Amino acid sequence: MPRDPGNPALWLPGQGRANACGTTTLAYVLRYLLGARAPDRPRLDRAIRRANIFSAPALLVECAQRTGLPAAAYNGIDLDFVLRLVDSDIPVMVLIDTTPLDLTDTANLHWV
């Protein structure tokens, strides 16, 4: 399990059995940026997810913006841009497709 960057002795909760990789990842990013005042995953779930389904990119961005963060979504950016963000200590969430040869199957998308 990941650890809290502000307190390495504190483990951060995972998504459990829920289909909540998007809100779990967003919770980690918000915890990194906002510290203890960041909303947890269950609170983000109530704000974003309508059922036990995936989190749409636009909803995650809008939620982050409501916390006052300058969040943005990018599609098809190059790796160098992502690396510049990470090198600048800007957290990056990436939606990956775990079955790249079957681009029509959204059941295999995963937020990291």
# chains A, B, ... in the order shown; residues from 1 in each chain; ligands from 1

call {"tool": "select_by_dssp", "arguments": {"residues": "region 12-80 of chain A", "states": "alpha helix (DSSP H)", "output": "MDAnalysis selection string"}}
result
chainID A and resid 21:34 41:48 57:66 79:80

call {"tool": "residues_around", "arguments": {"residues": "Gly68 (chain A)", "least_positions_apart": "2", "cutoff": "12 Å", "atoms": "only C-alpha atoms", "output": "ChimeraX atom specification"}}
result
/A:30,33-34,38,61-66,70-71

call {"tool": "write_last_selection", "arguments": {"atoms": "all heavy atoms", "output": "compact mmCIF listing (two decimals), in the first residue's frame"}}
result
# COMPACT_ATOMS: atom_id res chain seq x y z
N LEU A 30 -4.56 14.42 -4.22
CA LEU A 30 -5.05 15.49 -3.35
C LEU A 30 -4.37 15.44 -1.99
O LEU A 30 -4.04 16.48 -1.41
CB LEU A 30 -6.56 15.42 -3.22
CG LEU A 30 -7.34 15.68 -4.51
CD1 LEU A 30 -8.84 15.52 -4.27
CD2 LEU A 30 -7.03 17.04 -5.10
N LEU A 33 -0.98 17.01 -2.36
CA LEU A 33 -1.01 18.46 -2.55
C LEU A 33 -1.64 19.23 -1.38
O LEU A 33 -1.23 20.34 -1.09
CB LEU A 33 -1.74 18.80 -3.84
CG LEU A 33 -1.05 18.35 -5.13
CD1 LEU A 33 -1.97 18.53 -6.32
CD2 LEU A 33 0.25 19.09 -5.33
N LEU A 34 -2.67 18.65 -0.77
CA LEU A 34 -3.45 19.38 0.24
C LEU A 34 -3.22 18.90 1.66
O LEU A 34 -3.70 19.52 2.60
CB LEU A 34 -4.94 19.28 -0.09
CG LEU A 34 -5.37 19.78 -1.47
CD1 LEU A 34 -6.86 19.49 -1.69
CD2 LEU A 34 -5.07 21.27 -1.61
N ALA A 38 -7.32 17.12 2.58
CA ALA A 38 -7.79 16.53 1.32
C ALA A 38 -8.95 15.57 1.58
O ALA A 38 -8.96 14.86 2.58
CB ALA A 38 -6.65 15.79 0.63
N VAL A 61 -11.15 15.83 -13.22
CA VAL A 61 -10.57 17.16 -13.38
C VAL A 61 -11.44 18.21 -12.69
O VAL A 61 -10.95 19.05 -11.94
CB VAL A 61 -10.36 17.51 -14.87
CG1 VAL A 61 -10.01 18.97 -15.05
CG2 VAL A 61 -9.29 16.63 -15.48
N GLU A 62 -12.76 18.15 -12.93
CA GLU A 62 -13.67 19.12 -12.32
C GLU A 62 -13.63 19.04 -10.80
O GLU A 62 -13.65 20.07 -10.11
CB GLU A 62 -15.09 18.89 -12.83
CG GLU A 62 -15.28 19.27 -14.28
CD GLU A 62 -16.59 18.77 -14.85
OE1 GLU A 62 -17.46 18.28 -14.09
OE2 GLU A 62 -16.77 18.85 -16.08
N CYS A 63 -13.55 17.83 -10.27
CA CYS A 63 -13.48 17.66 -8.82
C CYS A 63 -12.20 18.29 -8.27
O CYS A 63 -12.23 18.99 -7.27
CB CYS A 63 -13.55 16.18 -8.47
SG CYS A 63 -13.55 15.86 -6.70
N ALA A 64 -11.08 18.05 -8.92
CA ALA A 64 -9.81 18.64 -8.49
C ALA A 64 -9.87 20.17 -8.57
O ALA A 64 -9.37 20.87 -7.68
CB ALA A 64 -8.65 18.10 -9.31
N GLN A 65 -10.49 20.69 -9.61
CA GLN A 65 -10.63 22.13 -9.75
C GLN A 65 -11.49 22.73 -8.64
O GLN A 65 -11.22 23.82 -8.17
CB GLN A 65 -11.18 22.48 -11.12
CG GLN A 65 -10.22 22.22 -12.25
CD GLN A 65 -10.84 22.37 -13.62
OE1 GLN A 65 -12.06 22.28 -13.80
NE2 GLN A 65 -9.99 22.57 -14.63
N ARG A 66 -12.52 21.99 -8.22
CA ARG A 66 -13.38 22.48 -7.12
C ARG A 66 -12.61 22.59 -5.81
O ARG A 66 -13.01 23.34 -4.93
CB ARG A 66 -14.60 21.57 -6.95
CG ARG A 66 -15.66 21.77 -8.01
CD ARG A 66 -16.98 21.11 -7.62
NE ARG A 66 -16.88 19.70 -7.35
CZ ARG A 66 -17.01 18.73 -8.25
NH1 ARG A 66 -17.24 19.03 -9.52
NH2 ARG A 66 -16.91 17.46 -7.90
N PRO A 70 -5.30 23.81 -10.08
CA PRO A 70 -5.33 24.09 -11.52
C PRO A 70 -5.20 22.81 -12.34
O PRO A 70 -4.25 22.61 -13.08
CB PRO A 70 -4.15 25.03 -11.73
CG PRO A 70 -3.16 24.59 -10.69
CD PRO A 70 -4.00 24.17 -9.50
N ALA A 71 -6.16 21.91 -12.20
CA ALA A 71 -6.11 20.63 -12.89
C ALA A 71 -6.48 20.79 -14.36
O ALA A 71 -7.24 21.68 -14.73
CB ALA A 71 -7.07 19.65 -12.22

call {"tool": "atom_distance", "arguments": {"atom1": "CA of Gln15 (chain A)", "atom2": "CA of Ala58 (chain A)"}}
result
20.0 Å

call {"tool": "closest_atom_pairs", "arguments": {"of": "region 4-69 of chain A", "to": "region 77-96 of chain A", "cutoff": "10 Å", "atoms": "only C-alpha atoms", "output": "CSV"}}
result
residue,atom,partner,partner_atom,distance
A:Cys21,CA,A:Leu95,CA,9.7
A:Gly22,CA,A:Leu95,CA,8.4
A:Thr25,CA,A:Met93,CA,7.1
A:Leu26,CA,A:Met93,CA,7.5
A:Tyr28,CA,A:Pro91,CA,9.5
A:Val29,CA,A:Pro91,CA,6.3
A:Leu30,CA,A:Pro91,CA,9.1
A:Tyr32,CA,A:Pro91,CA,8.3
A:Leu33,CA,A:Pro91,CA,8.4
A:Ala56,CA,A:Leu95,CA,9.8
A:Pro57,CA,A:Leu95,CA,8.3
A:Leu60,CA,A:Met93,CA,9.8

call {"tool": "atom_distance", "arguments": {"atom1": "CA of Asp45 (chain A)", "atom2": "CA of Trp111 (chain A)"}}
result
14.3 Å

call {"tool": "closest_residue", "arguments": {"among": "A:Val112, A:Pro13, A:Thr24, A:Leu59", "to": "Ala47 (chain A)", "atoms": "only C-alpha atoms"}}
result
A:Leu59

call {"tool": "atom_distance", "arguments": {"atom1": "CA of Asn108 (chain A)", "atom2": "CA of Thr23 (chain A)"}}
result
16.3 Å

call {"tool": "select_by_dssp", "arguments": {"residues": "chain A", "states": "strand (DSSP E)", "output": "VMD selection string"}}
result
chain A and resid 3 to 4 7 to 11 95 to 97 109 to 111

call {"tool": "write_last_selection", "arguments": {"atoms": "C-alpha atoms", "output": "compact mmCIF listing (two decimals), in the first residue's frame"}}
result
# COMPACT_ATOMS: atom_id res chain seq x y z
CA ARG A 3 2.37 5.71 2.17
CA ASP A 4 1.39 9.29 2.97
CA ASN A 7 3.92 10.97 7.16
CA PRO A 8 5.75 7.88 5.84
CA ALA A 9 4.52 5.82 8.81
CA LEU A 10 0.90 6.28 7.62
CA TRP A 11 -0.42 3.85 5.00
CA LEU A 95 -5.39 6.52 -17.66
CA ILE A 96 -3.85 3.40 -19.15
CA ASP A 97 -5.34 0.70 -21.33
CA LEU A 109 -8.82 0.98 -18.51
CA HIS A 110 -6.98 1.76 -15.26
CA TRP A 111 -6.03 5.00 -13.48

call {"tool": "residues_around", "arguments": {"residues": "Ala51 (chain A)", "least_positions_apart": "5", "cutoff": "10 Å", "atoms": "only C-alpha atoms", "output": "PDB file with all heavy atoms, in the first residue's frame"}}
result
ATOM      1  N   ALA A  18     -13.859  -2.143  -4.701  1.00  0.00           N
ATOM      2  CA  ALA A  18     -14.591  -1.185  -5.533  1.00  0.00           C
ATOM      3  C   ALA A  18     -13.865  -0.945  -6.852  1.00  0.00           C
ATOM      4  O   ALA A  18     -12.650  -1.105  -6.947  1.00  0.00           O
ATOM      5  CB  ALA A  18     -14.748   0.135  -4.784  1.00  0.00           C
ATOM      6  N   ASN A  19     -14.612  -0.581  -7.857  1.00  0.00           N
ATOM      7  CA  ASN A  19     -14.040  -0.198  -9.150  1.00  0.00           C
ATOM      8  C   ASN A  19     -13.715   1.292  -9.061  1.00  0.00           C
ATOM      9  O   ASN A  19     -14.345   2.113  -9.706  1.00  0.00           O
ATOM     10  CB  ASN A  19     -15.044  -0.499 -10.265  1.00  0.00           C
ATOM     11  CG  ASN A  19     -14.462  -0.257 -11.639  1.00  0.00           C
ATOM     12  OD1 ASN A  19     -13.265  -0.031 -11.774  1.00  0.00           O
ATOM     13  ND2 ASN A  19     -15.288  -0.282 -12.649  1.00  0.00           N
ATOM     14  N   ALA A  20     -12.751   1.632  -8.220  1.00  0.00           N
ATOM     15  CA  ALA A  20     -12.513   3.023  -7.854  1.00  0.00           C
ATOM     16  C   ALA A  20     -11.071   3.451  -8.039  1.00  0.00           C
ATOM     17  O   ALA A  20     -10.545   4.241  -7.265  1.00  0.00           O
ATOM     18  CB  ALA A  20     -12.939   3.229  -6.397  1.00  0.00           C
ATOM     19  N   ASP A  45     -15.822   9.480  -4.068  1.00  0.00           N
ATOM     20  CA  ASP A  45     -16.783   8.592  -4.725  1.00  0.00           C
ATOM     21  C   ASP A  45     -18.178   9.206  -4.726  1.00  0.00           C
ATOM     22  O   ASP A  45     -18.879   9.193  -5.738  1.00  0.00           O
ATOM     23  CB  ASP A  45     -16.843   7.230  -4.028  1.00  0.00           C
ATOM     24  CG  ASP A  45     -15.709   6.311  -4.417  1.00  0.00           C
ATOM     25  OD1 ASP A  45     -15.004   6.599  -5.401  1.00  0.00           O
ATOM     26  OD2 ASP A  45     -15.533   5.299  -3.731  1.00  0.00           O
ATOM     27  N   ARG A  46     -18.598   9.725  -3.584  1.00  0.00           N
ATOM     28  CA  ARG A  46     -19.931  10.331  -3.498  1.00  0.00           C
ATOM     29  C   ARG A  46     -20.064  11.544  -4.413  1.00  0.00           C
ATOM     30  O   ARG A  46     -21.140  11.817  -4.943  1.00  0.00           O
ATOM     31  CB  ARG A  46     -20.244  10.709  -2.056  1.00  0.00           C
ATOM     32  CG  ARG A  46     -20.483   9.504  -1.149  1.00  0.00           C
ATOM     33  CD  ARG A  46     -20.997   9.910   0.222  1.00  0.00           C
ATOM     34  NE  ARG A  46     -20.083  10.750   0.976  1.00  0.00           N
ATOM     35  CZ  ARG A  46     -19.078  10.302   1.734  1.00  0.00           C
ATOM     36  NH1 ARG A  46     -18.849   8.998   1.812  1.00  0.00           N
ATOM     37  NH2 ARG A  46     -18.304  11.130   2.399  1.00  0.00           N
TER      38      ARG A  46
END
